[in-house]
$ cat final-v5.pdb   # PDB, C-alpha atoms
MODEL        1
ATOM      1  CA  MET A  24      -1.799-134.818-148.782
ATOM      2  CA  PRO A  25      -0.440-134.836-145.231
ATOM      3  CA  ALA A  26       2.630-132.888-144.214
ATOM      4  CA  VAL A  27       4.867-133.113-141.161
ATOM      5  CA  VAL A  28       6.006-129.855-139.545
ATOM      6  CA  PHE A  29       8.740-129.719-136.896
ATOM      7  CA  SER A  30       9.114-127.047-134.219
ATOM      8  CA  PRO A  31      12.290-125.059-134.821
ATOM      9  CA  VAL A  32      12.823-124.563-131.068
ATOM     10  CA  GLU A  33      11.922-127.854-129.385
ATOM     11  CA  LYS A  34      13.109-131.329-130.282
ATOM     12  CA  ASP A  35      10.303-133.871-130.750
ATOM     13  CA  LEU A  36       7.568-131.208-130.975
ATOM     14  CA  ILE A  37       5.995-132.311-134.234
ATOM     15  CA  TYR A  38       2.738-131.417-135.967
ATOM     16  CA  VAL A  39       1.022-133.074-138.896
ATOM     17  CA  ARG A  40      -1.653-131.640-141.157
ATOM     18  CA  THR A  41      -4.075-133.519-143.328
ATOM     19  CA  ASP A  42      -5.999-132.340-146.360
ATOM     20  CA  MET A  43      -9.380-133.236-144.863
ATOM     21  CA  GLY A  44      -8.780-135.043-141.566
ATOM     22  CA  GLY A  45      -7.593-132.312-139.214
ATOM     23  CA  ALA A  46      -4.339-131.487-137.448
ATOM     24  CA  TYR A  47      -2.356-133.484-134.893
ATOM     25  CA  ARG A  48       0.558-133.051-132.473
ATOM     26  CA  TRP A  49       3.007-135.821-131.565
ATOM     27  CA  GLU A  50       2.936-136.693-127.870
ATOM     28  CA  LYS A  51       6.310-138.261-127.145
ATOM     29  CA  THR A  52       5.468-139.471-123.630
ATOM     30  CA  GLY A  53       2.466-141.449-124.840
ATOM     31  CA  SER A  54       3.918-142.225-128.269
ATOM     32  CA  GLN A  55       0.741-141.085-130.000
ATOM     33  CA  TRP A  56      -0.700-138.387-132.237
ATOM     34  CA  LEU A  57      -3.107-136.090-130.369
ATOM     35  CA  PRO A  58      -5.954-134.589-132.427
ATOM     36  CA  LEU A  59      -6.035-130.781-132.329
ATOM     37  CA  THR A  60      -9.197-130.188-134.344
ATOM     38  CA  ASP A  61     -11.656-132.669-132.851
ATOM     39  CA  TRP A  62     -13.716-129.664-131.694
ATOM     40  CA  VAL A  63     -14.799-129.122-135.312
ATOM     41  CA  GLY A  64     -18.449-130.116-135.587
ATOM     42  CA  PHE A  65     -20.847-130.733-138.449
ATOM     43  CA  ASP A  66     -21.565-127.038-139.066
ATOM     44  CA  ASP A  67     -17.833-126.247-139.324
ATOM     45  CA  TRP A  68     -16.937-129.283-141.453
ATOM     46  CA  ASN A  69     -14.858-127.169-143.850
ATOM     47  CA  TYR A  70     -12.306-126.436-141.099
ATOM     48  CA  LEU A  71     -11.029-130.030-141.058
ATOM     49  CA  GLY A  72      -8.892-129.301-144.121
ATOM     50  CA  ILE A  73      -5.552-127.969-142.904
ATOM     51  CA  GLU A  74      -3.689-125.829-145.394
ATOM     52  CA  SER A  75      -0.709-124.829-143.259
ATOM     53  CA  ILE A  76       0.821-125.183-139.818
ATOM     54  CA  ALA A  77       3.432-122.742-138.521
ATOM     55  CA  PRO A  78       5.087-123.332-135.151
ATOM     56  CA  ASP A  79       6.481-120.135-133.635
ATOM     57  CA  PRO A  80      10.265-119.876-134.223
ATOM     58  CA  LYS A  81      10.908-118.611-130.665
ATOM     59  CA  ASP A  82       8.108-119.921-128.415
ATOM     60  CA  ALA A  83       7.411-123.664-128.498
ATOM     61  CA  ASN A  84       3.922-123.144-127.038
ATOM     62  CA  GLU A  85       2.726-120.945-129.915
ATOM     63  CA  VAL A  86       1.397-122.510-133.109
ATOM     64  CA  TYR A  87      -0.673-121.111-135.970
ATOM     65  CA  ILE A  88      -2.879-123.116-138.316
ATOM     66  CA  VAL A  89      -4.781-122.064-141.450
ATOM     67  CA  VAL A  90      -7.934-124.139-141.965
ATOM     68  CA  GLY A  91     -10.334-124.583-144.840
ATOM     69  CA  THR A  92     -10.902-127.592-147.072
ATOM     70  CA  TYR A  93     -12.361-126.295-150.335
ATOM     71  CA  THR A  94     -12.396-123.159-152.471
ATOM     72  CA  ASN A  95     -15.119-124.461-154.802
ATOM     73  CA  SER A  96     -18.255-122.438-155.528
ATOM     74  CA  TRP A  97     -20.463-124.978-153.722
ATOM     75  CA  THR A  98     -19.148-123.900-150.315
ATOM     76  CA  SER A  99     -19.613-120.410-148.943
ATOM     77  CA  MET A 100     -17.277-120.989-145.983
ATOM     78  CA  ASN A 101     -14.166-118.840-145.844
ATOM     79  CA  GLY A 102     -11.050-120.051-144.085
ATOM     80  CA  GLN A 103      -9.858-119.324-140.576
ATOM     81  CA  LEU A 104      -6.546-118.643-138.892
ATOM     82  CA  LEU A 105      -6.185-120.505-135.602
ATOM     83  CA  ARG A 106      -3.731-119.304-132.968
ATOM     84  CA  SER A 107      -2.746-121.342-129.935
ATOM     85  CA  SER A 108      -0.537-120.493-126.991
ATOM     86  CA  ASP A 109      -0.774-124.030-125.547
ATOM     87  CA  ARG A 110       0.538-126.172-128.424
ATOM     88  CA  GLY A 111      -2.898-126.600-129.969
ATOM     89  CA  ASP A 112      -4.855-127.664-126.890
ATOM     90  CA  SER A 113      -7.098-124.612-127.482
ATOM     91  CA  PHE A 114      -7.356-121.934-130.160
ATOM     92  CA  GLU A 115      -8.319-118.361-130.806
ATOM     93  CA  ARG A 116     -10.160-118.289-134.138
ATOM     94  CA  PHE A 117      -9.888-115.488-136.699
ATOM     95  CA  ASN A 118     -12.147-115.463-139.758
ATOM     96  CA  LEU A 119     -10.406-114.879-143.074
ATOM     97  CA  PRO A 120     -12.024-112.865-145.903
ATOM     98  CA  PHE A 121     -11.291-115.625-148.448
ATOM     99  CA  LYS A 122     -11.623-119.360-148.923
ATOM    100  CA  VAL A 123      -8.786-121.743-148.119
ATOM    101  CA  GLY A 124      -8.157-125.044-149.897
ATOM    102  CA  GLY A 125      -6.462-127.643-147.744
ATOM    103  CA  ASN A 126      -7.816-130.311-150.122
ATOM    104  CA  MET A 127      -7.317-128.421-153.371
ATOM    105  CA  PRO A 128      -4.596-128.628-156.053
ATOM    106  CA  GLY A 129      -1.226-127.433-154.756
ATOM    107  CA  ARG A 130      -1.739-128.804-151.247
ATOM    108  CA  SER A 131       1.456-130.846-151.471
ATOM    109  CA  MET A 132       3.662-127.847-152.267
ATOM    110  CA  GLY A 133       4.643-127.175-148.641
ATOM    111  CA  GLU A 134       3.569-124.791-145.936
ATOM    112  CA  ARG A 135       2.050-121.489-147.055
ATOM    113  CA  LEU A 136       2.245-119.832-143.647
ATOM    114  CA  ALA A 137       5.351-118.583-141.851
ATOM    115  CA  ILE A 138       6.035-116.501-138.770
ATOM    116  CA  ASP A 139       8.535-113.668-138.991
ATOM    117  CA  PRO A 140      11.369-114.713-136.630
ATOM    118  CA  ASN A 141      12.238-111.034-136.108
ATOM    119  CA  LYS A 142       8.717-110.089-135.009
ATOM    120  CA  THR A 143       6.735-113.105-133.857
ATOM    121  CA  SER A 144       3.822-110.958-132.636
TER     122      SER A 144
ENDMDL
END

$ encode --input "final-v5.pdb" --output "structure tokens"
Amino acid sequence: MPAVVFSPVEKDLIYVRTDMGGAYRWEKTGSQWLPLTDWVGFDDWNYLGIESIAPDPKDANEVYIVVGTYTNSWTSMNGQLLRSSDRGDSFERFNLPFKVGGNMPGRSMGERLAIDPNKTS
């Protein structure tokens, strides 16, 4: 179930997440969606499920994404937190100690990640 997430600090900075097709950012000048997770290869297939996207509430360049497609027993892959300081053009990757289910029940209930506006670090 895709979801659209708007930056709280910059008009027309829009992200979309998909349950198993990656994350995208709207490029107003080219009127197109730019893929942010095309770097995910065969070995990291589980990271194409996007559970949440959280644009920073103070810095339009910062965005956080939680990735992981399934929590089923047949995958051993835990989720990851991705952090970008260039609107998703590149990411720092942080392994999570648990599985994440971007394509599991409850995926349409909204974003499950938020950034504290009082302490964005």

$ closest_residue --input "final-v5.pdb" --among "A:Tyr87, A:Phe29, A:Tyr47, A:Trp62" --to "Arg106 of chain A" --atoms "all atoms listed in the file"
A:Tyr87

$ closest_residue --input "final-v5.pdb" --among "A:Asn126, A:Arg48, A:Phe117, A:Val27" --to "Leu71 of chain A" --atoms "only C-alpha atoms"
A:Asn126

$ closest_residue --input "final-v5.pdb" --among "A:Glu50, A:Glu115, A:Asp61, A:Asp109" --to "Val89 of chain A" --atoms "all atoms listed in the file"
A:Glu115

$ resolve_selection --input "final-v5.pdb" --expression "the PyMOL selection byres ((chain A and resi 135) around 10)" --output "PyMOL selection string"
chain A and resi 74-77+89+130+132-134+136-137

$ write_last_selection --input "final-v5.pdb" --atoms "C-alpha atoms" --output "CSV table (one decimal), in the coordinates of the input"
chain,number,residue,atom,x,y,z
A,74,GLU,CA,-3.7,-125.8,-145.4
A,75,SER,CA,-0.7,-124.8,-143.3
A,76,ILE,CA,0.8,-125.2,-139.8
A,77,ALA,CA,3.4,-122.7,-138.5
A,89,VAL,CA,-4.8,-122.1,-141.4
A,130,ARG,CA,-1.7,-128.8,-151.2
A,132,MET,CA,3.7,-127.8,-152.3
A,133,GLY,CA,4.6,-127.2,-148.6
A,134,GLU,CA,3.6,-124.8,-145.9
A,136,LEU,CA,2.2,-119.8,-143.6
A,137,ALA,CA,5.4,-118.6,-141.9

$ atom_distance --input "final-v5.pdb" --atom1 "atom CA of Ser30 of chain A" --atom2 "atom CA of Val63 of chain A"
24.0 Å

$ atom_distance --input "final-v5.pdb" --atom1 "atom CA of Lys34 of chain A" --atom2 "atom CA of Gly111 of chain A"
16.7 Å

$ residues_around --input "final-v5.pdb" --residues "Asp82 of chain A" --least-positions-apart "6" --cutoff "9 Å" --atoms "all atoms listed in the file" --output "MDAnalysis selection string"
chainID A and resid 32:33 108 143

$ closest_residue --input "final-v5.pdb" --among "A:Thr94, A:Asn118, A:Ser144, A:Gly125" --to "Gly45 of chain A" --atoms "only C-alpha atoms"
A:Gly125

$ resolve_selection --input "final-v5.pdb" --expression "the PyMOL selection byres ((chain A and resi 46) around 7)" --output "JSON, numbers by chain"
{"A": [39, 40, 41, 45, 47, 58, 59, 60, 73]}

$ decode --input "final-v5.pdb" --residues "segment 46-78 of chain A" --atoms "N, CA, C and O atoms" --output "short mmCIF file (atom, residue, chain, number, x, y, z; two decimals), in the first residue's frame"
data_model
loop_
_atom_site.label_atom_id
_atom_site.label_comp_id
_atom_site.auth_asym_id
_atom_site.auth_seq_id
_atom_site.Cartn_x
_atom_site.Cartn_y
_atom_site.Cartn_z
N ALA A 46 11.24 3.43 -2.66
CA ALA A 46 10.86 4.79 -2.28
C ALA A 46 11.21 5.74 -3.41
O ALA A 46 12.15 5.50 -4.18
N TYR A 47 10.47 6.85 -3.47
CA TYR A 47 10.63 7.82 -4.55
C TYR A 47 10.49 9.24 -4.02
O TYR A 47 9.83 9.47 -3.00
N ARG A 48 11.10 10.20 -4.72
CA ARG A 48 10.97 11.62 -4.40
C ARG A 48 10.47 12.35 -5.65
O ARG A 48 10.94 12.10 -6.76
N TRP A 49 9.51 13.24 -5.47
CA TRP A 49 8.98 14.03 -6.57
C TRP A 49 9.99 15.08 -6.98
O TRP A 49 10.50 15.84 -6.16
N GLU A 50 10.29 15.12 -8.27
CA GLU A 50 11.18 16.12 -8.85
C GLU A 50 10.31 17.09 -9.64
O GLU A 50 9.88 16.78 -10.75
N LYS A 51 10.06 18.24 -9.05
CA LYS A 51 9.14 19.21 -9.65
C LYS A 51 9.65 19.71 -11.00
O LYS A 51 8.87 19.83 -11.95
N THR A 52 10.95 20.00 -11.10
CA THR A 52 11.47 20.57 -12.34
C THR A 52 11.33 19.61 -13.52
O THR A 52 11.12 20.05 -14.64
N GLY A 53 11.45 18.34 -13.28
CA GLY A 53 11.29 17.37 -14.36
C GLY A 53 9.93 16.70 -14.39
O GLY A 53 9.65 15.86 -15.24
N SER A 54 9.09 17.08 -13.43
CA SER A 54 7.75 16.48 -13.30
C SER A 54 7.81 14.96 -13.34
O SER A 54 7.13 14.31 -14.14
N GLN A 55 8.64 14.40 -12.45
CA GLN A 55 8.78 12.94 -12.41
C GLN A 55 9.14 12.47 -11.01
O GLN A 55 9.63 13.23 -10.19
N TRP A 56 8.88 11.19 -10.76
CA TRP A 56 9.27 10.55 -9.51
C TRP A 56 10.66 9.96 -9.69
O TRP A 56 10.89 9.18 -10.60
N LEU A 57 11.59 10.32 -8.80
CA LEU A 57 12.96 9.80 -8.86
C LEU A 57 13.09 8.63 -7.88
O LEU A 57 12.74 8.77 -6.71
N PRO A 58 13.59 7.49 -8.33
CA PRO A 58 13.76 6.35 -7.44
C PRO A 58 14.90 6.59 -6.46
O PRO A 58 15.97 7.06 -6.84
N LEU A 59 14.66 6.29 -5.18
CA LEU A 59 15.68 6.48 -4.15
C LEU A 59 16.33 5.16 -3.72
O LEU A 59 17.36 5.19 -3.06
N THR A 60 15.73 4.05 -4.09
CA THR A 60 16.24 2.76 -3.63
C THR A 60 16.64 1.84 -4.79
O THR A 60 16.68 0.62 -4.62
N ASP A 61 16.98 2.41 -5.91
CA ASP A 61 17.42 1.57 -7.04
C ASP A 61 18.77 0.92 -6.79
O ASP A 61 19.17 0.03 -7.52
N TRP A 62 19.49 1.33 -5.75
CA TRP A 62 20.76 0.71 -5.39
C TRP A 62 20.57 -0.67 -4.77
O TRP A 62 21.52 -1.44 -4.65
N VAL A 63 19.34 -0.99 -4.37
CA VAL A 63 19.07 -2.29 -3.73
C VAL A 63 19.21 -3.38 -4.78
O VAL A 63 18.53 -3.38 -5.81
N GLY A 64 20.12 -4.32 -4.51
CA GLY A 64 20.36 -5.42 -5.43
C GLY A 64 19.69 -6.70 -4.99
O GLY A 64 18.94 -6.74 -4.00
N PHE A 65 19.98 -7.77 -5.69
CA PHE A 65 19.35 -9.07 -5.44
C PHE A 65 19.56 -9.53 -4.00
O PHE A 65 18.63 -10.01 -3.35
N ASP A 66 20.77 -9.40 -3.48
CA ASP A 66 21.06 -9.88 -2.12
C ASP A 66 20.33 -9.09 -1.04
O ASP A 66 20.13 -9.59 0.06
N ASP A 67 19.95 -7.86 -1.33
CA ASP A 67 19.26 -7.00 -0.37
C ASP A 67 17.78 -6.82 -0.71
O ASP A 67 17.15 -5.86 -0.30
N TRP A 68 17.21 -7.76 -1.44
CA TRP A 68 15.85 -7.65 -1.95
C TRP A 68 14.83 -7.20 -0.90
O TRP A 68 13.89 -6.49 -1.20
N ASN A 69 15.04 -7.61 0.35
CA ASN A 69 14.07 -7.32 1.40
C ASN A 69 13.98 -5.81 1.71
O ASN A 69 13.01 -5.36 2.29
N TYR A 70 14.97 -5.04 1.29
CA TYR A 70 14.97 -3.61 1.59
C TYR A 70 14.15 -2.79 0.60
O TYR A 70 14.13 -1.56 0.69
N LEU A 71 13.48 -3.43 -0.34
CA LEU A 71 12.61 -2.68 -1.26
C LEU A 71 11.23 -2.41 -0.66
O LEU A 71 10.47 -1.62 -1.20
N GLY A 72 10.91 -3.05 0.45
CA GLY A 72 9.67 -2.75 1.16
C GLY A 72 9.92 -1.57 2.08
O GLY A 72 10.80 -1.61 2.93
N ILE A 73 9.16 -0.52 1.92
CA ILE A 73 9.37 0.71 2.70
C ILE A 73 8.26 0.81 3.74
O ILE A 73 7.09 0.94 3.40
N GLU A 74 8.65 0.72 5.00
CA GLU A 74 7.65 0.81 6.06
C GLU A 74 7.29 2.25 6.38
O GLU A 74 6.12 2.57 6.57
N SER A 75 8.28 3.13 6.45
CA SER A 75 8.02 4.51 6.84
C SER A 75 9.03 5.46 6.21
O SER A 75 10.19 5.10 6.01
N ILE A 76 8.57 6.67 5.97
CA ILE A 76 9.44 7.77 5.54
C ILE A 76 9.16 8.95 6.46
O ILE A 76 8.01 9.29 6.71
N ALA A 77 10.25 9.57 6.94
CA ALA A 77 10.11 10.73 7.83
C ALA A 77 11.03 11.85 7.37
O ALA A 77 12.23 11.80 7.62
N PRO A 78 10.49 12.85 6.70
CA PRO A 78 11.30 14.03 6.38
C PRO A 78 11.57 14.83 7.66
O PRO A 78 10.72 14.92 8.54
#
